[in-house]
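S.K.: Just so it is clear, I am handing over data_34.csv, which has CSV, C-alpha atoms.
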chain,number,residue,atom,x,y,z
K,1,MET,CA,104.6,58.6,138.6
K,2,SER,CA,101.1,59.7,139.6
K,3,LEU,CA,98.4,60.1,137.0
K,4,GLN,CA,98.0,63.8,137.9
K,5,LYS,CA,101.7,64.5,137.4
K,6,SER,CA,101.6,62.7,134.0
K,7,ARG,CA,98.7,64.8,132.9
K,8,ARG,CA,100.6,68.0,133.9
K,9,LEU,CA,103.7,66.9,131.9
K,10,LEU,CA,101.6,66.0,128.9
K,11,LEU,CA,99.8,69.3,129.1
K,12,GLY,CA,103.1,71.2,129.4
K,13,ALA,CA,104.5,69.4,126.3
K,14,ALA,CA,101.4,70.2,124.3
K,15,MET,CA,101.6,73.9,125.2
K,16,VAL,CA,105.3,74.0,124.1
K,17,ALA,CA,104.4,72.3,120.8
K,18,ALA,CA,101.6,74.7,120.2
K,19,LEU,CA,103.8,77.7,120.8
K,20,MET,CA,106.6,76.6,118.6
K,21,PRO,CA,105.0,77.7,115.3
K,22,LEU,CA,104.2,81.1,116.8
K,23,THR,CA,107.9,81.5,117.8
K,24,ALA,CA,109.0,80.6,114.3
K,25,GLN,CA,106.6,83.1,112.8
K,26,ALA,CA,107.8,85.9,115.0
K,27,ALA,CA,111.3,85.7,113.5
K,28,TYR,CA,110.7,88.3,110.9
K,29,PRO,CA,111.9,88.1,108.2
K,30,ASP,CA,112.5,84.4,107.6
K,31,ARG,CA,112.1,84.5,103.8
K,32,PRO,CA,112.6,87.0,100.9
K,33,ILE,CA,110.7,90.3,100.9
K,34,THR,CA,109.2,91.6,97.7
K,35,MET,CA,109.4,95.3,97.0
K,36,VAL,CA,106.8,96.1,94.3
K,37,VAL,CA,107.5,99.0,91.9
K,38,PRO,CA,104.4,100.3,90.1
K,39,PHE,CA,106.3,101.2,86.9
K,40,ALA,CA,108.3,99.4,84.3
K,41,ALA,CA,111.9,98.2,84.7
K,42,GLY,CA,114.5,100.8,83.8
K,43,GLY,CA,112.5,103.8,84.8
K,44,PRO,CA,113.5,106.3,87.6
K,45,THR,CA,111.4,104.7,90.4
K,46,ASP,CA,112.8,101.3,89.4
K,47,THR,CA,116.3,102.7,89.6
K,48,VAL,CA,115.8,103.9,93.1
K,49,ALA,CA,114.0,100.7,94.2
K,50,ARG,CA,116.9,98.4,93.1
K,51,ALA,CA,119.5,100.5,94.8
K,52,LEU,CA,117.4,100.7,98.0
K,53,ALA,CA,116.6,96.9,98.0
K,54,ALA,CA,120.3,96.1,97.7
K,55,SER,CA,121.0,98.2,100.8
K,56,MET,CA,118.0,97.1,102.9
K,57,GLU,CA,119.1,93.4,102.5
K,58,LYS,CA,122.1,94.1,104.6
K,59,SER,CA,120.2,94.8,107.8
K,60,LEU,CA,117.2,92.5,107.1
K,61,GLY,CA,119.3,89.5,106.4
K,62,GLN,CA,117.0,88.3,103.6
K,63,PRO,CA,116.9,89.1,99.9
K,64,VAL,CA,114.7,92.0,98.9
K,65,VAL,CA,113.3,91.2,95.5
K,66,VAL,CA,112.1,94.0,93.2
K,67,GLU,CA,109.0,93.2,91.3
K,68,ASN,CA,107.8,95.5,88.5
K,69,LYS,CA,104.0,95.8,88.2
K,70,ALA,CA,103.6,98.5,85.6
K,71,SER,CA,100.3,100.2,84.7
K,72,ALA,CA,99.0,103.5,83.5
K,73,GLY,CA,99.7,106.0,86.3
K,74,GLY,CA,101.1,103.3,88.5
K,75,ILE,CA,97.7,102.6,90.2
K,76,VAL,CA,97.5,98.8,90.0
K,77,ALA,CA,100.4,98.0,92.3
K,78,PRO,CA,99.1,100.1,95.3
K,79,GLY,CA,95.7,98.4,95.0
K,80,GLU,CA,97.4,95.0,95.2
K,81,ILE,CA,99.5,96.0,98.2
K,82,ALA,CA,96.5,97.5,100.0
K,83,ARG,CA,94.9,94.0,99.7
K,84,ALA,CA,98.0,92.0,100.5
K,85,THR,CA,98.5,89.9,103.6
K,86,PRO,CA,99.9,92.4,106.2
K,87,ASP,CA,102.9,90.4,107.2
K,88,GLY,CA,105.7,92.5,105.9
K,89,TYR,CA,106.6,90.3,102.9
K,90,ARG,CA,105.1,92.5,100.2
K,91,ILE,CA,105.9,96.2,100.4
K,92,LEU,CA,105.5,99.1,97.9
K,93,ILE,CA,107.8,101.9,96.8
K,94,HIS,CA,106.0,104.7,95.1
K,95,HIS,CA,106.6,108.3,94.2
K,96,ILE,CA,104.5,111.5,94.4
K,97,GLY,CA,101.8,109.6,92.5
K,98,MET,CA,100.4,108.4,95.8
K,99,ALA,CA,99.5,112.0,96.5
K,100,THR,CA,98.1,112.8,93.0
K,101,SER,CA,96.1,109.7,92.2
K,102,PRO,CA,93.1,110.6,94.3
K,103,ALA,CA,92.6,113.7,92.2
K,104,LEU,CA,93.5,112.1,88.9
K,105,TYR,CA,91.4,109.0,89.1
K,106,ARG,CA,87.7,109.1,89.9
K,107,LYS,CA,87.7,105.3,90.5
K,108,LEU,CA,90.6,104.3,92.7
K,109,ALA,CA,90.8,100.9,94.4
K,110,TYR,CA,92.7,102.2,97.4
K,111,LYS,CA,93.1,105.3,99.7
K,112,PRO,CA,96.7,106.4,100.0
K,113,VAL,CA,96.3,107.8,103.5
K,114,GLU,CA,94.0,105.2,105.1
K,115,ASP,CA,94.9,101.9,103.5
K,116,PHE,CA,98.6,101.7,104.2
K,117,VAL,CA,101.2,101.8,106.9
K,118,HIS,CA,103.6,104.6,105.9
K,119,LEU,CA,107.1,103.3,106.5
K,120,GLY,CA,109.2,106.3,105.7
K,121,LEU,CA,110.5,108.7,103.0
K,122,VAL,CA,113.4,107.7,100.8
K,123,ASN,CA,114.6,110.4,98.5
K,124,ALA,CA,113.7,113.6,96.6
K,125,VAL,CA,114.4,113.8,92.9
K,126,PRO,CA,114.5,117.1,91.1
K,127,MET,CA,113.2,117.3,87.5
K,128,THR,CA,114.9,118.6,84.4
K,129,LEU,CA,113.4,120.4,81.5
K,130,ILE,CA,114.9,118.7,78.4
K,131,ALA,CA,114.3,118.8,74.6
K,132,LYS,CA,115.3,116.9,71.5
K,133,PRO,CA,118.8,117.6,70.3
K,134,THR,CA,117.6,119.8,67.4
K,135,PHE,CA,115.2,122.0,69.4
K,136,PRO,CA,115.9,125.6,68.3
K,137,ALA,CA,116.7,127.2,71.7
K,138,ASN,CA,119.9,127.4,73.8
K,139,ASN,CA,118.5,128.4,77.1
K,140,LEU,CA,115.1,128.3,79.0
K,141,ALA,CA,114.2,131.9,78.1
K,142,GLU,CA,114.7,131.2,74.4
K,143,ALA,CA,112.9,127.9,74.7
K,144,VAL,CA,109.8,129.5,76.3
K,145,LYS,CA,109.8,132.2,73.6
K,146,HIS,CA,109.9,129.6,70.9
K,147,ILE,CA,107.2,127.5,72.6
K,148,LYS,CA,104.8,130.4,72.9
K,149,ALA,CA,105.2,131.3,69.3
K,150,ASN,CA,104.8,127.7,68.0
K,151,ALA,CA,102.6,126.1,70.7
K,152,LYS,CA,100.3,124.3,68.2
K,153,SER,CA,103.1,122.4,66.6
K,154,ILE,CA,105.1,121.5,69.7
K,155,ASN,CA,104.7,118.2,71.6
K,156,LEU,CA,105.3,117.6,75.3
K,157,ALA,CA,106.1,113.9,76.1
K,158,ASN,CA,105.3,112.2,79.4
K,159,ALA,CA,105.4,108.7,80.8
K,160,GLY,CA,101.6,108.5,81.2
K,161,LEU,CA,98.8,110.1,83.2
K,162,GLY,CA,100.0,110.6,86.8
K,163,ALA,CA,103.7,110.0,86.0
K,164,ALA,CA,106.2,112.5,87.4
K,165,SER,CA,106.8,113.8,83.8
K,166,HIS,CA,103.1,114.4,83.4
K,167,LEU,CA,102.9,116.3,86.7
K,168,CYS,CA,106.0,118.4,85.8
K,169,GLY,CA,104.4,119.1,82.4
K,170,LEU,CA,101.3,120.4,84.1
K,171,MET,CA,103.4,122.8,86.2
K,172,PHE,CA,105.4,124.0,83.3
K,173,GLN,CA,102.4,124.7,81.1
K,174,ALA,CA,100.8,126.6,84.0
K,175,ALA,CA,104.0,128.6,84.6
K,176,ILE,CA,104.3,129.8,81.0
K,177,ASP,CA,100.6,130.1,80.5
K,178,THR,CA,100.7,128.0,77.4
K,179,ASP,CA,98.9,124.8,76.5
K,180,LEU,CA,100.8,122.2,74.5
K,181,THR,CA,99.9,118.9,72.8
K,182,THR,CA,100.9,116.3,75.4
K,183,VAL,CA,101.9,112.8,74.2
K,184,PRO,CA,101.5,110.1,76.9
K,185,TYR,CA,103.9,107.1,76.5
K,186,LYS,CA,103.9,103.7,78.3
K,187,GLY,CA,106.8,104.6,80.5
K,188,THR,CA,109.8,106.9,80.6
K,189,GLY,CA,112.0,104.6,78.4
K,190,PRO,CA,110.0,104.9,75.2
K,191,ALA,CA,109.4,108.6,75.8
K,192,MET,CA,113.1,109.2,76.1
K,193,THR,CA,113.8,107.1,73.0
K,194,ASP,CA,111.5,109.2,70.9
K,195,LEU,CA,112.8,112.5,72.4
K,196,ILE,CA,116.4,111.5,71.6
K,197,GLY,CA,115.3,110.5,68.1
K,198,GLY,CA,113.4,113.7,67.5
K,199,GLN,CA,109.9,112.2,67.3
K,200,THR,CA,108.8,114.5,70.1
K,201,ASP,CA,110.0,117.9,71.2
K,202,LEU,CA,110.0,118.4,75.0
K,203,MET,CA,109.9,116.4,78.3
K,204,CYS,CA,110.3,117.2,82.0
K,205,ASP,CA,111.5,114.2,83.9
K,206,GLN,CA,113.5,113.1,86.9
K,207,THR,CA,117.2,113.5,87.1
K,208,THR,CA,117.5,109.7,87.8
K,209,SER,CA,116.5,109.1,84.2
K,210,THR,CA,117.7,112.2,82.5
K,211,THR,CA,121.2,112.7,83.9
K,212,PRO,CA,122.9,110.0,81.9
K,213,GLN,CA,121.3,111.4,78.7
K,214,ILE,CA,122.3,114.9,79.6
K,215,LYS,CA,125.9,113.9,80.3
K,216,ALA,CA,126.1,112.0,77.0
K,217,GLY,CA,124.8,115.0,75.1
K,218,LYS,CA,121.9,113.1,73.7
K,219,VAL,CA,119.3,115.8,74.7
K,220,LYS,CA,119.3,119.5,75.3
K,221,VAL,CA,118.8,120.6,78.9
K,222,TYR,CA,117.4,124.0,80.0
K,223,ALA,CA,117.0,123.9,83.8
K,224,VAL,CA,116.7,121.7,86.9
K,225,THR,CA,113.6,122.2,89.1
K,226,SER,CA,115.5,122.4,92.4
K,227,SER,CA,116.2,125.5,94.4
K,228,GLN,CA,120.0,124.9,94.1
K,229,ARG,CA,122.1,123.3,91.4
K,230,ILE,CA,122.9,119.7,91.8
K,231,ASP,CA,126.3,118.1,91.8
K,232,ALA,CA,125.6,115.5,89.1
K,233,ILE,CA,124.9,118.2,86.5
K,234,LYS,CA,126.4,121.3,88.0
K,235,GLU,CA,126.5,123.2,84.8
K,236,VAL,CA,122.6,123.2,84.5
K,237,PRO,CA,121.0,126.3,86.0
K,238,THR,CA,118.0,126.1,88.3
K,239,VAL,CA,114.6,127.3,87.1
K,240,GLY,CA,115.0,130.2,89.5
K,241,GLU,CA,118.3,131.2,87.9
K,242,ALA,CA,116.6,130.9,84.5
K,243,GLY,CA,114.0,133.4,85.6
K,244,PHE,CA,111.1,131.0,86.4
K,245,LYS,CA,110.6,130.9,90.1
K,246,GLY,CA,107.6,128.8,91.2
K,247,LEU,CA,108.6,125.9,89.0
K,248,GLU,CA,110.5,124.2,91.8
K,249,LEU,CA,109.5,120.6,92.1
K,250,SER,CA,110.9,117.4,93.5
K,251,ILE,CA,109.5,113.9,93.1
K,252,TRP,CA,109.7,112.1,96.4
K,253,HIS,CA,109.6,108.4,97.1
K,254,GLY,CA,108.2,106.6,100.1
K,255,LEU,CA,107.8,103.0,101.3
K,256,TYR,CA,104.4,101.5,102.1
K,257,ALA,CA,103.1,98.3,103.7
K,258,PRO,CA,99.4,97.1,103.9
K,259,LYS,CA,97.2,98.5,106.6
K,260,GLY,CA,97.3,96.1,109.6
K,261,THR,CA,101.0,95.3,109.4
K,262,PRO,CA,102.1,94.6,112.9
K,263,ALA,CA,103.9,97.5,114.6
K,264,ASP,CA,107.1,95.5,115.3
K,265,ILE,CA,107.4,94.5,111.6
K,266,ALA,CA,106.8,98.1,110.5
K,267,LYS,CA,109.4,99.3,113.0
K,268,LYS,CA,111.9,96.7,111.6
K,269,LEU,CA,111.2,97.8,108.0
K,270,ASN,CA,111.7,101.5,109.0
K,271,GLY,CA,115.0,100.5,110.7
K,272,ALA,CA,116.1,98.8,107.5
K,273,LEU,CA,115.2,101.8,105.5
K,274,ARG,CA,117.1,104.1,107.8
K,275,SER,CA,120.2,101.9,107.6
K,276,ALA,CA,119.9,101.9,103.8
K,277,LEU,CA,119.7,105.7,103.6
K,278,ALA,CA,122.9,105.9,105.8
K,279,ASP,CA,124.7,103.4,103.5
K,280,GLU,CA,127.5,105.3,101.7
K,281,ASN,CA,127.0,103.2,98.5
K,282,PHE,CA,123.3,104.1,98.3
K,283,LYS,CA,124.0,107.8,99.0
K,284,LYS,CA,126.6,107.9,96.3
K,285,ARG,CA,124.3,106.2,93.8
K,286,MET,CA,121.6,108.8,94.6
K,287,THR,CA,124.1,111.7,94.3
K,288,ASP,CA,125.4,110.5,91.0
K,289,LEU,CA,121.8,110.5,89.7
K,290,GLY,CA,121.1,114.0,91.0
K,291,SER,CA,118.9,112.8,93.8
K,292,VAL,CA,118.9,113.8,97.5
K,293,VAL,CA,118.4,111.3,100.4
K,294,TYR,CA,116.0,112.6,103.0
K,295,PRO,CA,117.7,113.7,106.3
K,296,GLU,CA,117.3,111.5,109.4
K,297,SER,CA,114.7,113.8,110.9
K,298,GLN,CA,112.4,113.1,107.9
K,299,GLN,CA,112.9,109.3,107.7
K,300,THR,CA,110.0,108.6,110.2
K,301,PRO,CA,106.6,107.2,109.4
K,302,GLU,CA,105.1,110.4,110.8
K,303,ALA,CA,107.0,112.7,108.4
K,304,HIS,CA,106.0,110.4,105.5
K,305,LEU,CA,102.3,110.6,106.4
K,306,ALA,CA,102.5,114.4,106.9
K,307,LEU,CA,104.1,115.0,103.5
K,308,LEU,CA,101.6,112.7,101.8
K,309,LYS,CA,98.7,114.6,103.2
K,310,SER,CA,100.1,118.1,102.3
K,311,GLU,CA,101.1,117.0,98.8
K,312,THR,CA,97.6,115.4,98.3
K,313,ASP,CA,96.1,118.8,99.0
K,314,ARG,CA,98.6,120.8,96.9
K,315,TRP,CA,98.2,118.6,93.8
K,316,GLY,CA,94.5,118.1,94.1
K,317,LYS,CA,94.1,121.8,93.5
K,318,LEU,CA,96.4,122.0,90.5
K,319,ILE,CA,94.9,118.9,88.9
K,320,ALA,CA,91.4,120.2,89.4
K,321,LYS,CA,92.4,123.4,87.6
K,322,SER,CA,94.0,121.5,84.7
K,323,GLY,CA,90.9,119.4,84.1
K,324,GLN,CA,93.0,116.4,83.3
K,325,PHE,CA,91.4,113.3,84.8
K,326,ALA,CA,91.1,109.6,84.1
K,327,ASP,CA,87.8,107.7,83.9
Write the structure described by the file as structure tokens, please.

M.R.:
Amino acid sequence: MSLQKSRRLLLGAAMVAALMPLTAQAAYPDRPITMVVPFAAGGPTDTVARALAASMEKSLGQPVVVENKASAGGIVAPGEIARATPDGYRILIHHIGMATSPALYRKLAYKPVEDFVHLGLVNAVPMTLIAKPTFPANNLAEAVKHIKANAKSINLANAGLGAASHLCGLMFQAAIDTDLTTVPYKGTGPAMTDLIGGQTDLMCDQTTSTTPQIKAGKVKVYAVTSSQRIDAIKEVPTVGEAGFKGLELSIWHGLYAPKGTPADIAKKLNGALRSALADENFKKRMTDLGSVVYPESQQTPEAHLALLKSETDRWGKLIAKSGQFAD
């Protein structure tokens, strides 16, 4: 064998060896993926995340591990994901708080529009206006009348600044033109416990966390904030039926990856999301909790980004008017 031919063979072998790690890295995903939830375990976003992760595993071929990273307003987890290696192995599920945080927090470590790849919308969750079992009103009209007459002595619980329950509370107070004493808790769980126990009076929270309590008769329910009644609690009227149009509100969830995530990985994650949303088990779980899965036309990254931008503008105005900000 000539020296020149030997060199060519050695060079070819070296090139193959050099390319092998790149080929292995391209086989995404080749290890578990972590879906970070910015709230405590057991809350409404956590409930959606765990059902979604179980469905996405089927098409990804790897475990999707849910990691709870709770903080006030859910602002720590997005900052971590924004700074994470953009390789598709750490993703974020978040609700409407991604649209409200820029207005609520003067110092925010991330920009929801600019610092993420928007992977797609998941579901929309109506809210329910609920009260402690002994609250002296049997329908929403009676409740509002009682609230207006006793505003100084009535407490409105929420799961913390920026939580869905806080946002719904802002809308409710604006709709009835009455300011209430708000009591922020460290999560939906403790707020619900105190409401059931009668330590606080009112709360407005997602059907994913209130439906079981409503069905068990542990709280009073006055209305659901959707335009139509929902199957899970068909007996509960809408806010429109109860005479309070303009209180319609749904808390939507979306999936995010760090900015710079390769397009092929983002496409694969969106495909896994779409497959999960078509999964009958996932859809039934959402229906049972009073949630609605986004239709196929709105499962795109483009639809996700468009909704985030429009909701950021909408809530920015409402929050500015309320004057409720964090340092």

S.K.: One decimal, Å: what's the distance from atom CA of Lys58 of chain K over to atom CA of Leu307 of chain K, could you say?

M.R.: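 For atom CA of Lys58 of chain K relative to atom CA of Leu307 of chain K, the distance reads 27.6 Å.
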
S.K.: Can you work out which one of K:Ala263, K:Leu121, K:Ile214, K:Ala131 has the shortest atom-to-atom distance to Gln298 of chain K, counting only C-alpha atoms?

M.R.: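 Comparing K:Ala263, K:Leu121, K:Ile214, K:Ala131 against Gln298 of chain K, the winner is K:Leu121.
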
S.K.: Restricting the calculation to all atoms listed in the file: of K:Ala77, K:Leu247, K:Ala157, K:Val48, which residue gets closest to Tyr185 of chain K?

M.R.: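 Ranking K:Ala77, K:Leu247, K:Ala157, K:Val48 by distance to Tyr185 of chain K, first place goes to K:Ala157.
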
S.K.: Residues at most 12 Å from Ser250 of chain K, counting all atoms listed in the file, excluding those fewer than 2 positions away in the same chain, as a PDB file with C-alpha atoms, keeping the file's coordinate frame?

M.R.:
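And here is the file that came out, around09.pdb:
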ATOM      1  CA  HIS K  95     106.600 108.300  94.200  1.00  0.00           C
ATOM      2  CA  ILE K  96     104.500 111.500  94.400  1.00  0.00           C
ATOM      3  CA  ASN K 123     114.600 110.400  98.500  1.00  0.00           C
ATOM      4  CA  ALA K 124     113.700 113.600  96.600  1.00  0.00           C
ATOM      5  CA  VAL K 125     114.400 113.800  92.900  1.00  0.00           C
ATOM      6  CA  PRO K 126     114.500 117.100  91.100  1.00  0.00           C
ATOM      7  CA  MET K 127     113.200 117.300  87.500  1.00  0.00           C
ATOM      8  CA  THR K 128     114.900 118.600  84.400  1.00  0.00           C
ATOM      9  CA  ALA K 164     106.200 112.500  87.400  1.00  0.00           C
ATOM     10  CA  SER K 165     106.800 113.800  83.800  1.00  0.00           C
ATOM     11  CA  LEU K 167     102.900 116.300  86.700  1.00  0.00           C
ATOM     12  CA  CYS K 168     106.000 118.400  85.800  1.00  0.00           C
ATOM     13  CA  MET K 171     103.400 122.800  86.200  1.00  0.00           C
ATOM     14  CA  CYS K 204     110.300 117.200  82.000  1.00  0.00           C
ATOM     15  CA  ASP K 205     111.500 114.200  83.900  1.00  0.00           C
ATOM     16  CA  GLN K 206     113.500 113.100  86.900  1.00  0.00           C
ATOM     17  CA  THR K 207     117.200 113.500  87.100  1.00  0.00           C
ATOM     18  CA  THR K 208     117.500 109.700  87.800  1.00  0.00           C
ATOM     19  CA  VAL K 224     116.700 121.700  86.900  1.00  0.00           C
ATOM     20  CA  THR K 225     113.600 122.200  89.100  1.00  0.00           C
ATOM     21  CA  SER K 226     115.500 122.400  92.400  1.00  0.00           C
ATOM     22  CA  SER K 227     116.200 125.500  94.400  1.00  0.00           C
ATOM     23  CA  GLN K 228     120.000 124.900  94.100  1.00  0.00           C
ATOM     24  CA  LEU K 247     108.600 125.900  89.000  1.00  0.00           C
ATOM     25  CA  GLU K 248     110.500 124.200  91.800  1.00  0.00           C
ATOM     26  CA  TRP K 252     109.700 112.100  96.400  1.00  0.00           C
ATOM     27  CA  HIS K 253     109.600 108.400  97.100  1.00  0.00           C
ATOM     28  CA  GLY K 290     121.100 114.000  91.000  1.00  0.00           C
ATOM     29  CA  SER K 291     118.900 112.800  93.800  1.00  0.00           C
ATOM     30  CA  VAL K 292     118.900 113.800  97.500  1.00  0.00           C
ATOM     31  CA  VAL K 293     118.400 111.300 100.400  1.00  0.00           C
ATOM     32  CA  TYR K 294     116.000 112.600 103.000  1.00  0.00           C
ATOM     33  CA  GLU K 311     101.100 117.000  98.800  1.00  0.00           C
TER      34      GLU K 311
END

S.K.: What gap, in Å, lies between atom CA of Glu296 of chain K and atom CA of Leu273 of chain K?

M.R.: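 Separation of atom CA of Glu296 of chain K and atom CA of Leu273 of chain K: 10.7 Å.
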
S.K.: With all atoms listed in the file as the counted atoms, please give the residues lying no more than 12 Å from Thr178 of chain K, apart from itself and same-chain residues fewer than 2 positions off, as a PyMOL selection string.

M.R.: chain K and resi 144-152+154+156+169-176+180-182+322
